[in-house]
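Below: query_32.cif (mmCIF, C-alpha atoms and all ligand atoms)
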data_entry
loop_
_atom_site.label_atom_id
_atom_site.label_comp_id
_atom_site.auth_asym_id
_atom_site.auth_seq_id
_atom_site.Cartn_x
_atom_site.Cartn_y
_atom_site.Cartn_z
CA MET V 1 59.38 81.02 103.27
CA LEU V 2 61.72 80.70 106.22
CA THR V 3 62.17 76.98 106.78
CA HIS V 4 64.64 76.86 109.69
CA LEU V 5 67.88 78.34 111.01
CA ASP V 6 71.40 76.90 110.93
CA CYS V 7 74.31 77.62 113.25
CA THR V 8 77.17 79.28 111.36
CA LYS V 9 79.76 77.30 113.34
CA CYS V 10 78.50 73.88 114.48
CA ALA V 11 75.75 73.54 111.81
CA LYS V 12 73.12 72.69 114.44
CA ARG V 13 69.60 73.14 113.06
CA HIS V 14 67.10 75.38 114.89
CA GLU V 15 63.36 75.61 114.28
CA ALA V 16 61.62 78.70 112.89
CA GLY V 17 58.75 80.47 114.66
CA VAL V 18 60.32 80.91 118.10
CA VAL V 19 62.61 83.57 119.57
CA HIS V 20 66.29 82.89 118.92
CA THR V 21 69.50 84.50 120.03
CA VAL V 22 72.76 82.68 119.26
CA CYS V 23 73.35 78.90 119.08
CA SER V 24 74.14 76.95 122.24
CA CYS V 25 77.77 76.98 120.96
CA GLY V 26 77.72 80.81 121.03
CA ALA V 27 77.84 81.41 117.26
CA PRO V 28 75.31 83.41 115.19
CA LEU V 29 72.40 81.68 113.45
CA TYR V 30 71.51 82.06 109.79
CA ALA V 31 67.96 81.95 108.44
CA ARG V 32 67.32 79.37 105.69
CA TYR V 33 64.62 79.45 103.04
CA ASP V 34 62.87 77.34 100.47
CA LEU V 35 65.02 78.78 97.69
CA ALA V 36 63.56 76.58 94.96
CA ARG V 37 60.13 78.09 95.60
CA ALA V 38 61.55 81.58 96.04
CA ALA V 39 63.34 81.30 92.69
CA LEU V 40 60.05 80.73 90.89
CA GLU V 41 58.36 83.77 92.42
CA MET V 42 61.32 86.16 92.34
CA ARG V 43 62.11 85.87 88.64
CA PRO V 44 63.78 89.08 87.45
CA GLY V 45 60.74 90.07 85.35
CA HIS V 46 58.49 89.79 88.41
CA LEU V 47 60.92 91.67 90.63
CA ALA V 48 61.03 94.65 88.30
CA LEU V 49 57.37 95.44 89.05
CA ARG V 50 57.70 95.39 92.82
CA GLU V 51 57.82 98.23 95.36
CA PRO V 52 61.12 100.12 95.72
CA THR V 53 61.96 98.88 99.22
CA LEU V 54 63.88 95.88 100.53
CA TRP V 55 60.55 94.05 100.91
CA ARG V 56 60.69 93.40 97.16
CA TYR V 57 62.78 90.37 98.19
CA ARG V 58 60.11 89.09 100.61
CA GLU V 59 60.56 85.42 99.65
CA VAL V 60 64.08 85.49 101.08
CA LEU V 61 63.16 87.47 104.18
CA PRO V 62 62.09 85.76 107.41
CA LEU V 63 58.78 87.54 108.10
CA PRO V 64 55.77 85.23 107.68
CA GLU V 65 53.45 86.38 104.90
CA ASP V 66 50.54 87.11 107.25
CA ALA V 67 52.63 89.09 109.77
CA GLU V 68 52.70 92.88 109.99
CA ARG V 69 55.57 94.56 108.20
CA VAL V 70 57.13 97.42 110.13
CA SER V 71 58.36 99.61 107.33
CA LEU V 72 59.43 103.22 106.84
CA GLY V 73 60.37 102.75 103.18
CA GLU V 74 63.86 101.27 103.69
CA GLY V 75 66.15 99.91 101.03
CA PHE V 76 66.32 99.96 97.23
CA THR V 77 68.78 102.82 97.51
CA PRO V 78 70.51 104.17 94.40
CA LEU V 79 73.64 102.64 92.91
CA LEU V 80 75.16 105.81 91.51
CA PRO V 81 77.85 105.84 88.83
CA ALA V 82 80.73 107.94 90.19
CA PRO V 83 82.83 108.81 87.15
CA ARG V 84 84.54 111.93 88.56
CA LEU V 85 85.50 110.37 91.87
CA GLY V 86 86.43 107.27 89.90
CA ARG V 87 88.85 109.28 87.76
CA HIS V 88 90.52 110.73 90.88
CA LEU V 89 90.95 107.23 92.23
CA GLY V 90 92.06 105.58 88.98
CA LEU V 91 88.85 103.52 88.93
CA PRO V 92 86.73 104.67 85.98
CA ASN V 93 84.11 101.95 86.63
CA LEU V 94 83.30 103.11 90.15
CA ALA V 95 79.76 103.16 91.53
CA ILE V 96 78.55 104.23 94.96
CA LYS V 97 75.81 102.41 96.83
CA GLU V 98 74.36 105.43 98.60
CA GLU V 99 72.68 104.38 101.83
CA GLY V 100 72.27 107.83 103.37
CA GLY V 101 68.72 108.19 102.05
CA ASN V 102 67.41 105.36 104.20
CA PRO V 103 65.05 106.17 107.11
CA THR V 104 67.12 107.64 109.99
CA GLY V 105 69.93 108.30 107.52
CA SER V 106 71.80 105.02 107.42
CA PHE V 107 71.79 101.43 106.22
CA LYS V 108 71.01 100.36 109.81
CA ALA V 109 67.36 100.88 108.85
CA ARG V 110 67.50 97.71 106.76
CA GLY V 111 68.48 95.37 109.54
CA LEU V 112 66.19 96.95 112.07
CA ALA V 113 63.13 97.02 109.82
CA VAL V 114 63.41 93.25 109.53
CA ALA V 115 64.50 92.60 113.14
CA VAL V 116 61.73 94.75 114.65
CA SER V 117 59.13 93.21 112.31
CA MET V 118 60.25 89.77 113.50
CA ALA V 119 60.36 90.82 117.17
CA LYS V 120 56.77 92.02 116.90
CA ALA V 121 55.66 88.89 115.05
CA LEU V 122 57.24 86.76 117.77
CA GLY V 123 55.39 88.64 120.51
CA ALA V 124 58.06 90.97 121.93
CA THR V 125 56.98 94.11 123.80
CA ASP V 126 60.45 95.54 124.49
CA VAL V 127 63.45 95.59 122.18
CA CYS V 128 67.00 96.67 123.01
CA LEU V 129 70.52 96.96 121.64
CA PRO V 130 73.91 98.59 122.18
CA SER V 131 74.88 101.00 119.43
CA ALA V 132 77.52 103.32 118.09
CA GLY V 133 74.65 105.65 117.17
CA ASN V 134 72.93 104.78 113.91
CA ALA V 135 71.58 101.38 114.94
CA GLY V 136 70.14 102.92 118.10
CA SER V 137 68.16 105.59 116.31
CA ALA V 138 67.02 103.07 113.69
CA LEU V 139 65.82 100.67 116.39
CA ALA V 140 64.02 103.52 118.13
CA ALA V 141 62.28 104.62 114.93
CA TYR V 142 61.10 101.13 113.99
CA ALA V 143 60.02 100.39 117.56
CA ALA V 144 57.96 103.60 117.48
CA ALA V 145 56.40 102.52 114.18
CA ALA V 146 55.69 99.08 115.64
CA GLY V 147 54.30 100.32 118.96
CA LEU V 148 57.07 98.58 120.92
CA ARG V 149 59.26 99.99 123.70
CA ALA V 150 62.95 100.42 122.83
CA HIS V 151 65.97 100.56 125.15
CA VAL V 152 69.20 101.81 123.63
CA PHE V 153 72.66 101.63 125.24
CA LEU V 154 75.17 104.13 123.87
CA PRO V 155 78.80 105.05 124.66
CA ARG V 156 78.84 108.16 126.85
CA ASP V 157 80.99 110.15 124.39
CA ILE V 158 78.47 109.84 121.58
CA ALA V 159 77.51 112.98 119.63
CA ARG V 160 74.46 114.70 121.13
CA LEU V 161 72.46 114.35 117.92
CA PHE V 162 72.18 110.58 118.23
CA VAL V 163 70.83 110.85 121.79
CA MET V 164 68.29 113.51 120.79
CA GLU V 165 67.12 111.53 117.80
CA THR V 166 66.80 108.26 119.69
CA GLU V 167 64.94 109.90 122.57
CA ALA V 168 62.69 111.76 120.14
CA PHE V 169 61.55 108.39 118.81
CA GLY V 170 60.50 107.54 122.34
CA ALA V 171 63.30 105.14 123.27
CA ARG V 172 64.92 105.00 126.69
CA VAL V 173 68.60 105.87 126.32
CA GLN V 174 71.27 104.77 128.74
CA LEU V 175 74.76 106.20 128.37
CA VAL V 176 77.52 103.77 129.33
CA ASP V 177 81.18 104.57 130.09
CA GLY V 178 83.40 103.07 127.40
CA LEU V 179 82.68 101.69 123.94
CA ILE V 180 79.93 99.73 122.21
CA SER V 181 81.40 96.56 123.73
CA ASP V 182 80.79 97.99 127.25
CA ALA V 183 77.31 99.16 126.24
CA GLY V 184 76.72 95.62 124.95
CA ARG V 185 77.53 94.08 128.32
CA VAL V 186 75.11 96.36 130.17
CA CYS V 187 72.43 95.83 127.51
CA ALA V 188 72.72 92.04 127.75
CA GLU V 189 72.41 92.17 131.55
CA ARG V 190 69.30 94.35 131.45
CA ALA V 191 67.75 92.26 128.67
CA LYS V 192 68.17 89.14 130.76
CA GLU V 193 66.80 90.84 133.85
CA HIS V 194 63.67 92.19 132.14
CA GLY V 195 63.08 89.64 129.38
CA TRP V 196 63.64 92.13 126.54
CA TYR V 197 64.17 91.02 122.93
CA GLU V 198 67.84 91.70 122.20
CA CYS V 199 68.72 93.09 118.76
CA ALA V 200 72.51 93.32 119.14
CA THR V 201 74.42 92.63 115.90
CA LEU V 202 74.28 88.91 114.99
CA LYS V 203 72.98 88.07 118.48
CA GLU V 204 69.59 87.75 116.84
CA PRO V 205 69.35 86.22 113.38
CA TYR V 206 67.28 88.76 111.41
CA ARG V 207 69.23 92.02 111.19
CA VAL V 208 71.66 90.31 108.85
CA GLU V 209 68.69 89.30 106.69
CA GLY V 210 67.72 92.94 106.28
CA LYS V 211 71.32 93.91 105.52
CA LYS V 212 71.80 91.15 102.98
CA THR V 213 69.31 92.91 100.71
CA MET V 214 72.18 95.25 99.76
CA GLY V 215 73.63 92.25 97.90
CA TYR V 216 70.33 91.53 96.14
CA GLU V 217 70.01 95.18 95.17
CA ILE V 218 73.50 95.47 93.72
CA ALA V 219 72.84 92.37 91.62
CA GLU V 220 69.43 93.57 90.45
CA GLN V 221 70.69 97.09 89.72
CA MET V 222 73.54 95.65 87.65
CA GLY V 223 71.22 93.45 85.60
CA PHE V 224 72.00 90.31 87.63
CA SER V 225 75.72 90.51 87.22
CA LEU V 226 78.03 91.32 90.11
CA PRO V 227 80.88 93.83 90.36
CA ASP V 228 84.52 92.79 90.51
CA ALA V 229 85.01 94.31 93.94
CA ILE V 230 82.99 95.70 96.85
CA LEU V 231 84.38 98.03 99.53
CA TYR V 232 82.52 97.97 102.81
CA PRO V 233 83.22 99.97 106.00
CA THR V 234 83.39 97.22 108.58
CA GLY V 235 82.46 97.42 112.25
CA GLY V 236 80.39 94.41 113.24
CA GLY V 237 80.51 93.37 109.58
CA THR V 238 76.83 92.44 109.29
CA GLY V 239 76.44 93.99 105.86
CA LEU V 240 79.52 92.31 104.50
CA VAL V 241 78.59 88.83 105.69
CA GLY V 242 74.97 89.51 104.75
CA MET V 243 75.91 90.29 101.15
CA TRP V 244 78.07 87.17 101.07
CA LYS V 245 75.05 85.15 102.17
CA ALA V 246 72.90 86.89 99.53
CA PHE V 247 75.32 85.93 96.74
CA GLU V 248 75.19 82.30 97.87
CA GLU V 249 71.38 82.34 97.90
CA MET V 250 71.25 84.01 94.50
CA GLU V 251 73.56 81.40 93.04
CA ALA V 252 71.37 78.63 94.49
CA MET V 253 68.37 80.29 92.82
CA GLY V 254 70.19 80.58 89.50
CA PHE V 255 70.19 84.40 89.47
CA VAL V 256 73.99 84.76 89.37
CA GLY V 257 76.86 82.43 88.59
CA LYS V 258 79.77 81.21 90.69
CA LYS V 259 81.83 84.36 90.30
CA ARG V 260 81.89 86.51 93.41
CA PRO V 261 83.04 90.08 93.92
CA ARG V 262 86.28 90.44 95.86
CA MET V 263 85.17 91.73 99.25
CA TYR V 264 87.25 94.44 100.94
CA ALA V 265 86.73 95.40 104.58
CA VAL V 266 87.75 98.99 105.33
CA GLN V 267 88.52 99.93 108.95
CA ALA V 268 90.07 102.87 110.79
CA GLU V 269 93.69 102.68 111.93
CA GLY V 270 92.52 103.35 115.50
CA CYS V 271 90.30 100.24 115.47
CA ALA V 272 91.35 97.63 112.94
CA PRO V 273 90.86 94.18 114.48
CA ILE V 274 89.79 92.59 111.20
CA VAL V 275 92.75 94.05 109.29
CA LYS V 276 95.17 92.73 111.91
CA ALA V 277 93.59 89.29 111.97
CA PHE V 278 93.49 89.15 108.18
CA GLU V 279 97.17 90.04 107.92
CA GLU V 280 98.12 87.53 110.61
CA GLY V 281 96.17 84.76 108.91
CA ARG V 282 93.90 84.26 111.92
CA GLU V 283 90.38 82.84 111.77
CA ASP V 284 89.09 85.15 114.49
CA ALA V 285 89.91 88.72 115.49
CA PRO V 286 90.96 89.36 119.10
CA PHE V 287 89.59 92.33 121.06
CA TRP V 288 91.19 95.63 119.93
CA GLU V 289 92.34 97.63 122.97
CA ASN V 290 91.80 101.42 123.19
CA ALA V 291 89.70 101.62 120.04
CA GLN V 292 89.51 105.15 118.66
CA THR V 293 88.03 106.71 115.54
CA HIS V 294 85.66 109.53 114.66
CA ALA V 295 83.87 107.08 112.37
CA HIS V 296 81.91 105.67 115.30
CA GLY V 297 80.37 102.87 113.25
CA LEU V 298 83.88 101.48 112.85
CA ARG V 299 84.67 101.69 116.57
CA VAL V 300 83.84 98.04 117.20
CA PRO V 301 86.71 96.36 119.06
CA LYS V 302 85.29 92.84 118.79
CA ALA V 303 82.82 91.48 116.25
CA LEU V 304 80.74 88.39 117.05
CA GLY V 305 80.85 87.48 113.36
CA ASP V 306 84.63 88.01 113.01
CA PHE V 307 85.15 84.49 111.63
CA LEU V 308 82.40 85.01 109.06
CA ILE V 309 83.92 88.33 107.91
CA LEU V 310 87.41 86.84 107.63
CA ARG V 311 86.09 83.81 105.77
CA ALA V 312 84.26 85.99 103.21
CA LEU V 313 87.35 88.17 102.66
CA ARG V 314 89.54 85.11 102.03
CA GLU V 315 87.10 83.07 99.97
CA SER V 316 86.49 86.08 97.75
CA HIS V 317 90.23 86.83 97.36
CA GLY V 318 89.63 90.25 98.87
CA ALA V 319 91.47 91.90 101.74
CA ALA V 320 91.16 94.21 104.73
CA ILE V 321 92.67 97.68 104.90
CA ALA V 322 93.00 100.43 107.49
CA VAL V 323 92.88 104.18 106.85
CA SER V 324 93.75 107.17 109.03
CA GLU V 325 91.40 109.78 110.49
CA GLU V 326 92.82 112.43 108.16
CA GLU V 327 92.30 110.15 105.15
CA ILE V 328 88.68 109.53 106.23
CA VAL V 329 87.82 113.23 106.33
CA ALA V 330 89.72 113.85 103.08
CA GLY V 331 87.62 111.04 101.56
CA VAL V 332 84.39 112.70 102.70
CA LYS V 333 85.47 116.01 101.14
CA GLU V 334 86.63 114.38 97.93
CA ALA V 335 83.36 112.48 97.36
CA ALA V 336 81.37 115.59 98.20
CA SER V 337 83.20 117.86 95.76
CA ALA V 338 83.49 115.25 92.99
CA GLU V 339 80.03 113.68 93.15
CA GLY V 340 77.75 115.88 95.26
CA LEU V 341 77.40 113.27 97.99
CA PHE V 342 77.98 114.22 101.63
CA MET V 343 79.06 110.90 103.09
CA ALA V 344 79.31 109.63 106.63
CA PRO V 345 82.94 109.22 107.71
CA GLU V 346 82.46 105.46 107.23
CA GLY V 347 81.83 106.17 103.53
CA GLY V 348 84.83 108.52 103.49
CA ALA V 349 86.88 105.62 104.84
CA CYS V 350 85.91 103.58 101.77
CA VAL V 351 87.01 106.39 99.44
CA ALA V 352 90.40 106.42 101.19
CA GLY V 353 90.49 102.62 101.12
CA ALA V 354 89.81 102.56 97.37
CA ARG V 355 92.79 104.83 96.71
CA LYS V 356 95.09 102.61 98.76
CA LEU V 357 93.82 99.39 97.22
CA ARG V 358 94.33 100.85 93.73
CA ALA V 359 97.88 101.92 94.61
CA SER V 360 98.72 98.46 95.99
CA GLY V 361 97.32 96.74 92.88
CA HIS V 362 94.42 95.03 94.68
CA LEU V 363 92.09 97.04 92.45
CA ALA V 364 92.77 97.30 88.71
CA ALA V 365 91.79 100.20 86.45
CA ASP V 366 89.21 98.11 84.59
CA ASP V 367 87.55 96.66 87.70
CA ALA V 368 83.88 97.40 88.25
CA VAL V 369 83.99 98.60 91.86
CA VAL V 370 81.10 99.29 94.24
CA LEU V 371 81.91 101.47 97.20
CA PHE V 372 79.52 101.75 100.13
CA ASP V 373 78.46 104.98 101.67
CA THR V 374 76.58 103.54 104.63
CA GLY V 375 75.12 106.77 106.00
CA THR V 376 74.58 110.45 105.56
CA GLY V 377 77.31 112.89 106.55
CA TYR V 378 74.68 115.29 107.90
CA LYS V 379 74.56 113.32 111.17
CA TYR V 380 78.32 113.59 111.69
CA VAL V 381 79.00 117.31 111.85
CA GLU V 382 80.00 117.04 115.52
CA ASN V 383 82.20 113.98 114.93
CA MET V 384 84.05 115.53 111.99
CA THR V 385 84.45 119.08 113.31
CA PRO V 386 87.82 118.49 115.06
CA LEU V 387 89.29 117.11 111.82
CA TRP V 388 87.64 119.42 109.33
CA GLY V 389 90.32 122.13 109.40
CA ASP V 390 90.02 125.91 109.49
CA ARG V 391 87.69 127.62 107.12
C1 LIG B 1 77.39 104.66 109.06
C2 LIG B 1 77.90 103.30 109.47
N1 LIG B 1 78.71 102.62 108.65
C3 LIG B 1 79.20 101.41 108.96
C4 LIG B 1 78.93 100.79 110.17
C5 LIG B 1 79.47 99.42 110.43
O1 LIG B 1 78.53 98.48 110.05
P1 LIG B 1 78.65 96.92 110.30
O2 LIG B 1 78.33 96.71 111.74
O3 LIG B 1 77.66 96.26 109.39
O4 LIG B 1 80.06 96.53 109.98
C6 LIG B 1 78.08 101.45 111.07
C7 LIG B 1 77.75 100.83 112.36
O5 LIG B 1 77.38 101.46 113.32
C8 LIG B 1 77.54 102.73 110.71
O6 LIG B 1 76.72 103.40 111.54
ZN ZN B 2 76.35 76.16 117.05
#
Rewrite the coordinates I just gave you, this time as structure tokens.
Amino acid sequence: MLTHLDCTKCAKRHEAGVVHTVCSCGAPLYARYDLARAALEMRPGHLALREPTLWRYREVLPLPEDAERVSLGEGFTPLLPAPRLGRHLGLPNLAIKEEGGNPTGSFKARGLAVAVSMAKALGATDVCLPSAGNAGSALAAYAAAAGLRAHVFLPRDIARLFVMETEAFGARVQLVDGLISDAGRVCAERAKEHGWYECATLKEPYRVEGKKTMGYEIAEQMGFSLPDAILYPTGGGTGLVGMWKAFEEMEAMGFVGKKRPRMYAVQAEGCAPIVKAFEEGREDAPFWENAQTHAHGLRVPKALGDFLILRALRESHGAAIAVSEEEIVAGVKEAASAEGLFMAPEGGACVAGARKLRASGHLAADDAVVLFDTGTGYKYVENMTPLWGDR
């Protein structure tokens, strides 16, 4: 029930059913739906009977009803109460949205299931993106499942596992000197040259639609109420702005009220453009020079949706916070020993962020807090080894 797309900056309207990248003004596009109709079909009682994947929210996803879904069983991940970790952090009402069980081990599966389904429906034969690792392997897996060719551009210093995995799915991998921003430049050039369908974060409008389902799931799993606060490890920020969009849609459909969770972006001290911009009161976040962190998903020096992230943080009365490499690894160990979850370092960053936000009074002891673990730690052994410490 996609009706059209709107520019997130200049509000220009774009038609559905054709390939889109960004608006002529350069800003990302957002998909819009017939929410009145969706509200009738998605009533909570109906939803409860649906399949345990993100496609349970099909009325607010862009894929036409008669198009082929490219699915590996993504989404509807557990929202796990975390009482022991919560006690350590002074947050007894803590829950963890555990995304590591998604296909290819991270929440990137959500965005790419929807983006690759749309690419196929719109007639693409080749899909491409730059990646810090997880998005690349997710694209490769969904392209394999769709019968499309994938081209993935990765920073040269990426852990070997991500290259092996992506190549195993049949994608062409190109290693690029520098960071994801450099890989993005090369990817965009090649895409233009060969006419490939580009799936870079927010450069096409449908990955964010897949990621927004995290917002629908949290609401549904909490009985259509929302938590007081959400902590999200922020690189490109697609999940954060996606959830913000989901809450707006759910309010329009009458599923939740006006109250929103306070949104907290967690970044690494070695790459914290959103934190800096938030603290300086800026509406955009300038390029972060010499970005460094072992949490490669957070090594994003410039986000296309920076203004959308900053807007959601401010409108929600949330904040942005940076944590150190040592705190990230300590967070991974703490969640593992307290709750039996082996998190990606990006999840560990949220554990560290929660402790700091509690200490500074941003989070109160009686807040219902949802913390995101966006991927499995099992893919990050190489990344975390230098910081793990002697046995
Ligand atoms: C495990 C993990 N967490 C978080 C992120 C950042 O996600 P986003 O781009 O939605 O901010 C990434 C991105 O690569 C990731 O792989
Ligand atoms: Zn525009």
Return the padded bounding box of region 263-269 of chain V as AutoDock Vina command-line options: axis-aligned, built from all atoms listed in the file, 5 Å added on each side, with centre and edge lengths in Å to one decimal.
--center_x 89.4 --center_y 97.3 --center_z 105.6 --size_x 18.5 --size_y 21.1 --size_z 22.7
- What is the distance, in Å and to one decimal place, between CA of Leu35 (chain V) and CA of Ala252 (chain V)?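 Atom-to-atom, CA of Leu35 (chain V) and CA of Ala252 (chain V) are spaced 7.1 Å apart.
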- Point out the residue among V:His4, V:Lys9, V:Arg58, V:Arg299 with the least atom-to-atom distance to ligand ZN 2 (chain B), counting only C-alpha atoms and all ligand atoms.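 Checking each candidate against ligand ZN 2 (chain B), we get V:Lys9 as the closest.
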- Query: Closest to Gly340 (chain V) among V:Pro386, V:Pro52, V:Pro44, V:Pro83, using all atoms listed in the file?
  - Reply: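 Selected residue with least distance to Gly340 (chain V): V:Pro83.
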- Polymer residues at most 8 Å from (71.9, 94.1, 125.6) by all atoms listed in the file, as a PyMOL selection string: chain V and resi 128-130+153+183-191+198-200
- Identify which of the residues V:Met214, V:Ala145, V:Ala16, V:Cys7 lies closest to Thr77 (chain V), counting all atoms listed in the file when measuring atom-to-atom distances. V:Met214
Mind filling out region 206-214 of chain V with all heavy atoms and sending it as a PDB file, keeping the file's coordinate frame?
ATOM      1  N   TYR V 206      68.046  88.149 112.507  1.00  0.00           N
ATOM      2  CA  TYR V 206      67.280  88.760 111.410  1.00  0.00           C
ATOM      3  C   TYR V 206      67.803  90.098 110.914  1.00  0.00           C
ATOM      4  O   TYR V 206      67.432  90.526 109.822  1.00  0.00           O
ATOM      5  CB  TYR V 206      65.809  88.844 111.811  1.00  0.00           C
ATOM      6  CG  TYR V 206      65.277  87.486 112.230  1.00  0.00           C
ATOM      7  CD1 TYR V 206      64.784  87.258 113.509  1.00  0.00           C
ATOM      8  CD2 TYR V 206      65.337  86.408 111.345  1.00  0.00           C
ATOM      9  CE1 TYR V 206      64.342  86.000 113.890  1.00  0.00           C
ATOM     10  CE2 TYR V 206      64.901  85.145 111.716  1.00  0.00           C
ATOM     11  CZ  TYR V 206      64.402  84.942 113.003  1.00  0.00           C
ATOM     12  OH  TYR V 206      63.984  83.702 113.372  1.00  0.00           O
ATOM     13  N   ARG V 207      68.652  90.773 111.718  1.00  0.00           N
ATOM     14  CA  ARG V 207      69.230  92.020 111.190  1.00  0.00           C
ATOM     15  C   ARG V 207      70.055  91.731 109.950  1.00  0.00           C
ATOM     16  O   ARG V 207      70.013  92.460 108.968  1.00  0.00           O
ATOM     17  CB  ARG V 207      70.110  92.689 112.250  1.00  0.00           C
ATOM     18  CG  ARG V 207      69.330  93.648 113.127  1.00  0.00           C
ATOM     19  CD  ARG V 207      70.172  94.186 114.243  1.00  0.00           C
ATOM     20  NE  ARG V 207      71.105  95.213 113.817  1.00  0.00           N
ATOM     21  CZ  ARG V 207      71.947  95.821 114.624  1.00  0.00           C
ATOM     22  NH1 ARG V 207      71.962  95.500 115.921  1.00  0.00           N
ATOM     23  NH2 ARG V 207      72.765  96.740 114.179  1.00  0.00           N
ATOM     24  N   VAL V 208      70.808  90.647 110.007  1.00  0.00           N
ATOM     25  CA  VAL V 208      71.660  90.310 108.850  1.00  0.00           C
ATOM     26  C   VAL V 208      70.803  90.024 107.612  1.00  0.00           C
ATOM     27  O   VAL V 208      71.222  90.294 106.481  1.00  0.00           O
ATOM     28  CB  VAL V 208      72.613  89.135 109.200  1.00  0.00           C
ATOM     29  CG1 VAL V 208      71.857  87.849 109.467  1.00  0.00           C
ATOM     30  CG2 VAL V 208      73.642  88.924 108.098  1.00  0.00           C
ATOM     31  N   GLU V 209      69.580  89.551 107.833  1.00  0.00           N
ATOM     32  CA  GLU V 209      68.690  89.300 106.690  1.00  0.00           C
ATOM     33  C   GLU V 209      68.288  90.614 106.030  1.00  0.00           C
ATOM     34  O   GLU V 209      68.195  90.707 104.804  1.00  0.00           O
ATOM     35  CB  GLU V 209      67.455  88.521 107.155  1.00  0.00           C
ATOM     36  CG  GLU V 209      67.786  87.119 107.654  1.00  0.00           C
ATOM     37  CD  GLU V 209      68.499  86.315 106.589  1.00  0.00           C
ATOM     38  OE1 GLU V 209      67.889  86.017 105.552  1.00  0.00           O
ATOM     39  OE2 GLU V 209      69.687  85.988 106.790  1.00  0.00           O
ATOM     40  N   GLY V 210      68.032  91.631 106.849  1.00  0.00           N
ATOM     41  CA  GLY V 210      67.720  92.940 106.280  1.00  0.00           C
ATOM     42  C   GLY V 210      68.925  93.509 105.537  1.00  0.00           C
ATOM     43  O   GLY V 210      68.811  94.048 104.438  1.00  0.00           O
ATOM     44  N   LYS V 211      70.104  93.345 106.133  1.00  0.00           N
ATOM     45  CA  LYS V 211      71.320  93.910 105.520  1.00  0.00           C
ATOM     46  C   LYS V 211      71.712  93.174 104.242  1.00  0.00           C
ATOM     47  O   LYS V 211      72.314  93.755 103.335  1.00  0.00           O
ATOM     48  CB  LYS V 211      72.469  93.844 106.522  1.00  0.00           C
ATOM     49  CG  LYS V 211      72.348  94.843 107.657  1.00  0.00           C
ATOM     50  CD  LYS V 211      73.349  95.963 107.494  1.00  0.00           C
ATOM     51  CE  LYS V 211      73.488  96.806 108.730  1.00  0.00           C
ATOM     52  NZ  LYS V 211      74.690  96.539 109.486  1.00  0.00           N
ATOM     53  N   LYS V 212      71.389  91.904 104.176  1.00  0.00           N
ATOM     54  CA  LYS V 212      71.800  91.150 102.980  1.00  0.00           C
ATOM     55  C   LYS V 212      71.130  91.686 101.722  1.00  0.00           C
ATOM     56  O   LYS V 212      71.635  91.481 100.614  1.00  0.00           O
ATOM     57  CB  LYS V 212      71.495  89.649 103.154  1.00  0.00           C
ATOM     58  CG  LYS V 212      70.083  89.254 102.780  1.00  0.00           C
ATOM     59  CD  LYS V 212      69.806  87.787 102.896  1.00  0.00           C
ATOM     60  CE  LYS V 212      68.333  87.523 102.600  1.00  0.00           C
ATOM     61  NZ  LYS V 212      67.898  86.172 102.911  1.00  0.00           N
ATOM     62  N   THR V 213      70.009  92.401 101.893  1.00  0.00           N
ATOM     63  CA  THR V 213      69.310  92.910 100.710  1.00  0.00           C
ATOM     64  C   THR V 213      70.193  93.871  99.908  1.00  0.00           C
ATOM     65  O   THR V 213      69.935  94.089  98.724  1.00  0.00           O
ATOM     66  CB  THR V 213      67.982  93.602 101.087  1.00  0.00           C
ATOM     67  OG1 THR V 213      68.254  94.657 102.017  1.00  0.00           O
ATOM     68  CG2 THR V 213      67.010  92.609 101.698  1.00  0.00           C
ATOM     69  N   MET V 214      71.240  94.414 100.526  1.00  0.00           N
ATOM     70  CA  MET V 214      72.180  95.250  99.760  1.00  0.00           C
ATOM     71  C   MET V 214      72.822  94.422  98.651  1.00  0.00           C
ATOM     72  O   MET V 214      73.095  94.923  97.558  1.00  0.00           O
ATOM     73  CB  MET V 214      73.260  95.818 100.687  1.00  0.00           C
ATOM     74  CG  MET V 214      72.676  96.762 101.732  1.00  0.00           C
ATOM     75  SD  MET V 214      73.901  97.621 102.729  1.00  0.00           S
ATOM     76  CE  MET V 214      74.646  96.298 103.646  1.00  0.00           C
TER      77      MET V 214
END
